[in-house]
Amino acid sequence: MLYGPEPAPAMNFVTKHPEPGSPWNFYTEQIGGAYGYYSTFNAIQEAVGPLEFRLDGGYVRSDGQRDNSAYDLWQTDLYVGYRPDEHQLLALDFYSSRFSGGDPGRITYKQWVNDPNFSFTPFNHDWVDRYTTVLRYERDFGDGWLLQAKGWFTHQEIDARTVANTNPAAPHPFPSSTLFSYEEFNNGGADIRLRKLWGDGTIFKGSALTFGGVVYHGDAPFQRYTLTDETSGPDFLTAPRGTTSDLVPLDQSRTSNYQSIFFEDLIRIGKFHMVGSFRLDHEDVEVDSAAAPWLATVPPTGPASISADHWVPLWGFGMGNDFGNRNETYFSASSGWRPTRFFDIAGTSRTIAFGESIPDPFHSLDFELGVHGTPYKGFWYDVGLFWMLFDNRTETQNISNTDFIILNTGSSRHRGLEGELSYDFLAPFQHPPMPEVQPESGKGVVDASKNTPVPGISLKDYHPLKLIAFSNVQFLDAEFTGKHPPHTQHRQNDRRQYAGIRARISNERRTPVEKR
């Protein structure tokens, strides 16, 4: 519940930072491969004294296996941290990446067998730029209190040049127009959380309470331009990024606002622990269209402005018990939901029809029960059962070239077993160093857990060799368990009425509405 509303499973990506007190060090990696593949990654960092620094950068390129599948990817990360004392950290993170690559399009297996290099879309191209700045402040107030505050801003551009499929067998094999799409995302927000360690001196030692909140705002304008020989000249199929025209089939202003509050309490009682958590989410998503296919009809078949507003409470509970030699049983139950996407209410070619409301988002309920641990050095295991329920799943159903409605497709159940085993064959022979210990008079130094005393060497300088064998397995049984709710039939009737209205407007000959 501390990291967002998405249904399980979820991943928490953590950026690498230098360990406090680590000296200057440098890392480089160079990889080459077939089809002109080349990859390089380089990093330099240090954290001696109050200043911490890390800079890394990477570049990957390839000619690709198929025609028009070459790409280039650049990325870099910068971290600067300042510790005025051992209780505070003020840090700045900057991430950037740029991608440019051709899009060869999808082909069938038969087409691939005939020509593995074949591309239906030799003129399609994608560009993605992303820049993120994060300012963080952490402070340990003592007595178990820790403050973590973070503010961020992200600018992202997703641009694409899309051309219809070529047909070498046609009299005019090349498309007559090109579509340029420009999506821009400007997102900013803040996350503030406090953690309180409690229970020292009691049977609850090691317990922790965490609470906080998140606010977020995003602007995502979206424009599309049509290029032809008449509007953009003979090079319209290979026009560079940034090209526009007077033909604007789509112009949208899209915004999203999100707020949440959350808390989680970890309670430890000896080797047993349990966790209770709660989160309240609010979202407001809006799409305003100045130009769109459904606005070009007479009269318009869909609204120019449409929005979704949801309040969603979430909860979670977990417990576990430590036993034996570094083993733990665990159980967890948590709820989740899928936030509204812009395309859920207004896409590039269709929007929700007049009179149709935005349905509630689908919810999830996730249960896990298992055991994991590392009972002896180098060995790890994890075996668990899972049961996931999804309710109010929705899908869009097209009712015309410019409109859709959202229908409930029922509920689904997913259950199964997951297992993991791994073993490091060199672990029994790798012994982390210990600070040199002076023996008491008349006694020898005891080798604790076979750790080797080495003067001046710390665990930070310890890089053991590893040779790991591992295996993973999952068994899944999934099915739809619920049918459409009763109101679905009413929406089907509404769909027929919309079809009849459109047909009367266009004066097209048609079969009776009841038979369509």
# chains A, B, ... in the order shown; residues from 1 in each chain; ligands from 1
$ residues_around --residues "Phe429 (chain A)" --least-positions-apart "6" --cutoff "10 Å" --atoms "only C-alpha atoms" --output "list in words"
Lys377, Gly378, Lys450, Pro464 and Leu465 of chain A
$ residues_around --residues "Arg83 (chain A)" --least-positions-apart "2" --cutoff "9 Å" --atoms "only C-alpha atoms" --output "VMD selection string"
chain A and resid 49 to 52 81 85 to 91
$ residues_around --residues "Ala149 (chain A)" --least-positions-apart "6" --cutoff "7 Å" --atoms "only C-alpha atoms" --output "PDB file with all heavy atoms, in the first residue's frame"
ATOM      1  N   ARG A 136      15.419  15.208  -3.223  1.00  0.00           N
ATOM      2  CA  ARG A 136      15.075  14.416  -2.045  1.00  0.00           C
ATOM      3  C   ARG A 136      15.695  15.024  -0.782  1.00  0.00           C
ATOM      4  O   ARG A 136      16.793  15.595  -0.817  1.00  0.00           O
ATOM      5  CB  ARG A 136      15.582  12.977  -2.187  1.00  0.00           C
ATOM      6  CG  ARG A 136      14.963  12.209  -3.335  1.00  0.00           C
ATOM      7  CD  ARG A 136      15.382  10.752  -3.309  1.00  0.00           C
ATOM      8  NE  ARG A 136      16.806  10.585  -3.536  1.00  0.00           N
ATOM      9  CZ  ARG A 136      17.645  10.007  -2.682  1.00  0.00           C
ATOM     10  NH1 ARG A 136      17.196   9.577  -1.518  1.00  0.00           N
ATOM     11  NH2 ARG A 136      18.917   9.865  -2.979  1.00  0.00           N
ATOM     12  N   TYR A 137      14.972  14.859   0.314  1.00  0.00           N
ATOM     13  CA  TYR A 137      15.490  15.251   1.621  1.00  0.00           C
ATOM     14  C   TYR A 137      15.130  14.177   2.632  1.00  0.00           C
ATOM     15  O   TYR A 137      13.971  13.762   2.719  1.00  0.00           O
ATOM     16  CB  TYR A 137      14.920  16.598   2.065  1.00  0.00           C
ATOM     17  CG  TYR A 137      15.385  17.013   3.449  1.00  0.00           C
ATOM     18  CD1 TYR A 137      16.708  17.393   3.674  1.00  0.00           C
ATOM     19  CD2 TYR A 137      14.509  16.996   4.532  1.00  0.00           C
ATOM     20  CE1 TYR A 137      17.145  17.764   4.929  1.00  0.00           C
ATOM     21  CE2 TYR A 137      14.941  17.376   5.798  1.00  0.00           C
ATOM     22  CZ  TYR A 137      16.261  17.758   5.995  1.00  0.00           C
ATOM     23  OH  TYR A 137      16.696  18.105   7.254  1.00  0.00           O
ATOM     24  N   GLU A 138      16.126  13.705   3.368  1.00  0.00           N
ATOM     25  CA  GLU A 138      15.907  12.709   4.407  1.00  0.00           C
ATOM     26  C   GLU A 138      16.530  13.210   5.706  1.00  0.00           C
ATOM     27  O   GLU A 138      17.613  13.800   5.699  1.00  0.00           O
ATOM     28  CB  GLU A 138      16.538  11.371   4.016  1.00  0.00           C
ATOM     29  CG  GLU A 138      15.948  10.749   2.767  1.00  0.00           C
ATOM     30  CD  GLU A 138      16.572   9.406   2.431  1.00  0.00           C
ATOM     31  OE1 GLU A 138      17.369   8.909   3.264  1.00  0.00           O
ATOM     32  OE2 GLU A 138      16.266   8.846   1.362  1.00  0.00           O
ATOM     33  N   ASP A 191       6.089  13.501  -2.710  1.00  0.00           N
ATOM     34  CA  ASP A 191       5.827  12.352  -1.842  1.00  0.00           C
ATOM     35  C   ASP A 191       6.492  12.639  -0.506  1.00  0.00           C
ATOM     36  O   ASP A 191       7.703  12.866  -0.442  1.00  0.00           O
ATOM     37  CB  ASP A 191       6.402  11.083  -2.480  1.00  0.00           C
ATOM     38  CG  ASP A 191       6.138   9.833  -1.649  1.00  0.00           C
ATOM     39  OD1 ASP A 191       6.507   9.813  -0.461  1.00  0.00           O
ATOM     40  OD2 ASP A 191       5.574   8.863  -2.184  1.00  0.00           O
ATOM     41  N   ILE A 192       5.694  12.630   0.553  1.00  0.00           N
ATOM     42  CA  ILE A 192       6.210  12.873   1.902  1.00  0.00           C
ATOM     43  C   ILE A 192       5.766  11.728   2.794  1.00  0.00           C
ATOM     44  O   ILE A 192       4.583  11.390   2.834  1.00  0.00           O
ATOM     45  CB  ILE A 192       5.715  14.217   2.467  1.00  0.00           C
ATOM     46  CG1 ILE A 192       6.144  15.363   1.559  1.00  0.00           C
ATOM     47  CG2 ILE A 192       6.242  14.429   3.880  1.00  0.00           C
ATOM     48  CD1 ILE A 192       5.615  16.718   1.989  1.00  0.00           C
ATOM     49  N   ARG A 193       6.718  11.132   3.517  1.00  0.00           N
ATOM     50  CA  ARG A 193       6.380  10.033   4.414  1.00  0.00           C
ATOM     51  C   ARG A 193       7.256  10.072   5.669  1.00  0.00           C
ATOM     52  O   ARG A 193       8.397  10.537   5.635  1.00  0.00           O
ATOM     53  CB  ARG A 193       6.515   8.683   3.709  1.00  0.00           C
ATOM     54  CG  ARG A 193       7.875   8.395   3.138  1.00  0.00           C
ATOM     55  CD  ARG A 193       7.830   7.115   2.303  1.00  0.00           C
ATOM     56  NE  ARG A 193       6.986   7.293   1.127  1.00  0.00           N
ATOM     57  CZ  ARG A 193       6.418   6.290   0.460  1.00  0.00           C
ATOM     58  NH1 ARG A 193       6.590   5.050   0.872  1.00  0.00           N
ATOM     59  NH2 ARG A 193       5.672   6.515  -0.602  1.00  0.00           N
TER      60      ARG A 193
END
$ select_by_dssp --residues "region 219-401 of chain A" --states "helix (DSSP H, G or I)" --output "list in words"
Asp229, Glu230, Thr231, Ser232, Phe236, Leu237, Thr238, Pro293, Trp294, Leu295, Phe342, Phe343, Asp344 and Ile345 of chain A
$ write_last_selection --atoms "N, CA and C atoms" --output "compact mmCIF listing (two decimals), in the first residue's frame"
# COMPACT_ATOMS: atom_id res chain seq x y z
N ASP A 229 1.69 14.79 -50.42
CA ASP A 229 2.55 15.42 -51.42
C ASP A 229 2.15 16.87 -51.63
N GLU A 230 0.83 17.14 -51.60
CA GLU A 230 0.35 18.50 -51.84
C GLU A 230 0.69 19.44 -50.68
N THR A 231 0.62 18.92 -49.42
CA THR A 231 0.83 19.80 -48.26
C THR A 231 2.29 19.90 -47.83
N SER A 232 3.08 18.84 -48.09
CA SER A 232 4.43 18.79 -47.52
C SER A 232 5.52 18.48 -48.52
N PHE A 236 7.34 13.60 -48.18
CA PHE A 236 6.46 13.48 -47.01
C PHE A 236 6.59 12.10 -46.34
N LEU A 237 7.01 11.07 -47.10
CA LEU A 237 7.15 9.74 -46.50
C LEU A 237 8.34 9.65 -45.54
N THR A 238 9.32 10.51 -45.73
CA THR A 238 10.53 10.49 -44.89
C THR A 238 10.73 11.82 -44.18
N PRO A 293 -11.87 12.93 -34.74
CA PRO A 293 -12.77 12.38 -35.76
C PRO A 293 -14.24 12.49 -35.38
N TRP A 294 -14.59 12.31 -34.10
CA TRP A 294 -16.00 12.37 -33.73
C TRP A 294 -16.55 13.78 -33.71
N LEU A 295 -15.68 14.78 -33.76
CA LEU A 295 -16.13 16.17 -33.84
C LEU A 295 -16.29 16.62 -35.29
N PHE A 342 -5.95 7.66 -20.35
CA PHE A 342 -6.57 8.63 -21.27
C PHE A 342 -7.37 7.91 -22.35
N PHE A 343 -6.80 6.83 -22.90
CA PHE A 343 -7.48 6.11 -23.98
C PHE A 343 -8.73 5.38 -23.49
N ASP A 344 -8.91 5.24 -22.17
CA ASP A 344 -10.12 4.61 -21.66
C ASP A 344 -11.35 5.49 -21.87
N ILE A 345 -11.15 6.79 -22.01
CA ILE A 345 -12.30 7.69 -22.16
C ILE A 345 -12.31 8.40 -23.51
$ closest_residue --among "A:Met388, A:Leu407, A:Leu369, A:Val134" --to "Ser357 (chain A)" --atoms "only C-alpha atoms"
A:Leu407
$ atom_distance --atom1 "CA of Asp67 (chain A)" --atom2 "CA of Ile158 (chain A)"
22.1 Å
$ residues_around --residues "Phe425 (chain A)" --least-positions-apart "4" --cutoff "8 Å" --atoms "only C-alpha atoms" --output "CSV table (one decimal) with N, CA and C atoms, in the first residue's frame"
chain,number,residue,atom,x,y,z
A,378,GLY,N,24.5,-20.1,0.7
A,378,GLY,CA,24.4,-20.2,-0.8
A,378,GLY,C,23.1,-20.7,-1.3
A,466,LYS,N,31.0,-15.8,-7.7
A,466,LYS,CA,29.7,-16.5,-7.6
A,466,LYS,C,29.5,-17.5,-8.8
A,467,LEU,N,29.0,-18.6,-8.6
A,467,LEU,CA,28.6,-19.5,-9.6
A,467,LEU,C,27.2,-20.1,-9.2
A,468,ILE,N,26.2,-19.6,-9.8
A,468,ILE,CA,24.8,-19.8,-9.3
A,468,ILE,C,24.0,-20.6,-10.4
A,469,ALA,N,23.4,-21.7,-9.9
A,469,ALA,CA,22.4,-22.4,-10.7
A,469,ALA,C,21.0,-22.1,-10.1
$ atom_distance --atom1 "CA of Phe123 (chain A)" --atom2 "CA of Tyr37 (chain A)"
21.5 Å
$ residues_around --residues "Gly33 (chain A)" --least-positions-apart "2" --cutoff "12 Å" --atoms "only C-alpha atoms" --output "PyMOL selection string"
chain A and resi 30-31+35-40+60-65
$ select_by_dssp --residues "region 351-402 of chain A" --states "strand (DSSP E)" --output "count of residues only"
33
$ residues_around --residues "Ser289 (chain A)" --least-positions-apart "2" --cutoff "8 Å" --atoms "only C-alpha atoms" --output "ChimeraX atom specification"
/A:250-253,287,291-292,304-305
$ write_last_selection --atoms "C-alpha atoms" --output "compact mmCIF listing (two decimals), in the first residue's frame"
# COMPACT_ATOMS: atom_id res chain seq x y z
CA LEU A 250 -6.45 15.22 -33.69
CA ASP A 251 -5.70 17.92 -31.12
CA GLN A 252 -6.23 17.00 -27.45
CA SER A 253 -5.48 18.56 -24.09
CA VAL A 287 -9.55 14.84 -22.08
CA ALA A 291 -10.03 18.42 -33.15
CA ALA A 292 -11.02 14.75 -33.33
CA ALA A 304 -15.54 17.41 -26.93
CA SER A 305 -14.75 17.13 -23.21
$ residues_around --residues "Asp309 (chain A)" --least-positions-apart "3" --cutoff "10 Å" --atoms "only C-alpha atoms" --output "MDAnalysis selection string"
chainID A and resid 256:258 282:286 340 358 360
$ write_last_selection --atoms "all heavy atoms" --output "CSV table (one decimal), in the first residue's frame"
chain,number,residue,atom,x,y,z
A,256,SER,N,-4.3,15.0,-15.8
A,256,SER,CA,-4.6,14.0,-14.7
A,256,SER,C,-4.1,14.6,-13.4
A,256,SER,O,-3.1,15.2,-13.3
A,256,SER,CB,-3.9,12.7,-15.0
A,256,SER,OG,-2.5,12.8,-15.0
A,257,ASN,N,-4.9,14.3,-12.4
A,257,ASN,CA,-4.6,14.7,-11.0
A,257,ASN,C,-4.8,13.5,-10.1
A,257,ASN,O,-5.8,12.8,-10.2
A,257,ASN,CB,-5.5,15.9,-10.5
A,257,ASN,CG,-5.2,17.2,-11.3
A,257,ASN,OD1,-4.2,17.8,-11.1
A,257,ASN,ND2,-6.1,17.5,-12.2
A,258,TYR,N,-3.8,13.4,-9.2
A,258,TYR,CA,-3.9,12.2,-8.3
A,258,TYR,C,-3.4,12.6,-6.9
A,258,TYR,O,-2.4,13.3,-6.8
A,258,TYR,CB,-3.0,11.1,-8.9
A,258,TYR,CG,-2.8,9.9,-7.9
A,258,TYR,CD1,-3.7,8.9,-7.8
A,258,TYR,CD2,-1.6,9.8,-7.2
A,258,TYR,CE1,-3.5,7.8,-7.0
A,258,TYR,CE2,-1.4,8.7,-6.4
A,258,TYR,CZ,-2.4,7.7,-6.2
A,258,TYR,OH,-2.2,6.7,-5.4
A,282,HIS,N,-7.4,9.1,-4.9
A,282,HIS,CA,-8.3,9.9,-5.7
A,282,HIS,C,-7.7,10.3,-7.0
A,282,HIS,O,-6.5,10.7,-7.0
A,282,HIS,CB,-8.7,11.2,-4.9
A,282,HIS,CG,-9.6,12.1,-5.7
A,282,HIS,ND1,-9.1,13.4,-6.1
A,282,HIS,CD2,-10.8,12.0,-6.2
A,282,HIS,CE1,-10.0,14.0,-6.9
A,282,HIS,NE2,-11.1,13.2,-6.9
A,283,GLU,N,-8.4,10.1,-8.1
A,283,GLU,CA,-7.9,10.5,-9.4
A,283,GLU,C,-9.0,11.3,-10.1
A,283,GLU,O,-10.2,11.2,-9.9
A,283,GLU,CB,-7.6,9.3,-10.2
A,283,GLU,CG,-8.8,8.5,-10.7
A,283,GLU,CD,-8.5,7.5,-11.8
A,283,GLU,OE1,-7.4,7.4,-12.2
A,283,GLU,OE2,-9.5,6.8,-12.3
A,284,ASP,N,-8.5,12.2,-10.9
A,284,ASP,CA,-9.3,13.1,-11.8
A,284,ASP,C,-8.6,13.1,-13.2
A,284,ASP,O,-7.5,13.7,-13.3
A,284,ASP,CB,-9.5,14.5,-11.2
A,284,ASP,CG,-10.3,15.4,-12.1
A,284,ASP,OD1,-11.0,14.9,-13.0
A,284,ASP,OD2,-10.1,16.6,-12.0
A,285,VAL,N,-9.2,12.5,-14.2
A,285,VAL,CA,-8.6,12.4,-15.5
A,285,VAL,C,-9.6,13.1,-16.5
A,285,VAL,O,-10.8,12.8,-16.5
A,285,VAL,CB,-8.4,11.0,-15.9
A,285,VAL,CG1,-7.8,10.9,-17.3
A,285,VAL,CG2,-7.5,10.3,-14.9
A,286,GLU,N,-9.1,14.0,-17.3
A,286,GLU,CA,-9.9,14.7,-18.3
A,286,GLU,C,-9.2,14.8,-19.6
A,286,GLU,O,-8.0,15.0,-19.7
A,286,GLU,CB,-10.2,16.1,-17.8
A,286,GLU,CG,-11.1,17.0,-18.7
A,286,GLU,CD,-11.5,18.3,-18.0
A,286,GLU,OE1,-11.2,18.5,-16.8
A,286,GLU,OE2,-12.1,19.1,-18.7
A,340,THR,N,-7.5,5.1,-14.3
A,340,THR,CA,-8.1,5.4,-15.6
A,340,THR,C,-7.0,5.9,-16.5
A,340,THR,O,-6.2,6.8,-16.2
A,340,THR,CB,-9.2,6.4,-15.5
A,340,THR,OG1,-10.2,5.9,-14.7
A,340,THR,CG2,-9.8,6.7,-16.9
A,358,ILE,N,-18.9,7.1,-17.4
A,358,ILE,CA,-17.6,6.4,-17.1
A,358,ILE,C,-17.8,5.4,-16.0
A,358,ILE,O,-18.2,5.7,-14.9
A,358,ILE,CB,-16.5,7.4,-16.7
A,358,ILE,CG1,-16.4,8.5,-17.7
A,358,ILE,CG2,-15.2,6.7,-16.5
A,358,ILE,CD1,-16.0,8.1,-19.0
A,360,ASP,N,-17.1,2.4,-13.1
A,360,ASP,CA,-16.1,2.3,-12.0
A,360,ASP,C,-14.9,1.5,-12.5
A,360,ASP,O,-15.0,0.6,-13.3
A,360,ASP,CB,-16.7,1.6,-10.8
A,360,ASP,CG,-17.8,2.5,-10.1
A,360,ASP,OD1,-17.7,3.7,-10.3
A,360,ASP,OD2,-18.7,1.9,-9.5
$ closest_residue --among "A:Pro339, A:Gly318, A:Gly201, A:Gly188" --to "Ile267 (chain A)" --atoms "only C-alpha atoms"
A:Gly318
$ closest_residue --among "A:Ser100, A:Thr210, A:Ser422, A:Ser335" --to "Leu147 (chain A)" --atoms "only C-alpha atoms"
A:Thr210
$ closest_residue --among "A:Ile406, A:Ala190, A:Leu266, A:Leu227" --to "Val214 (chain A)" --atoms "only C-alpha atoms"
A:Ala190
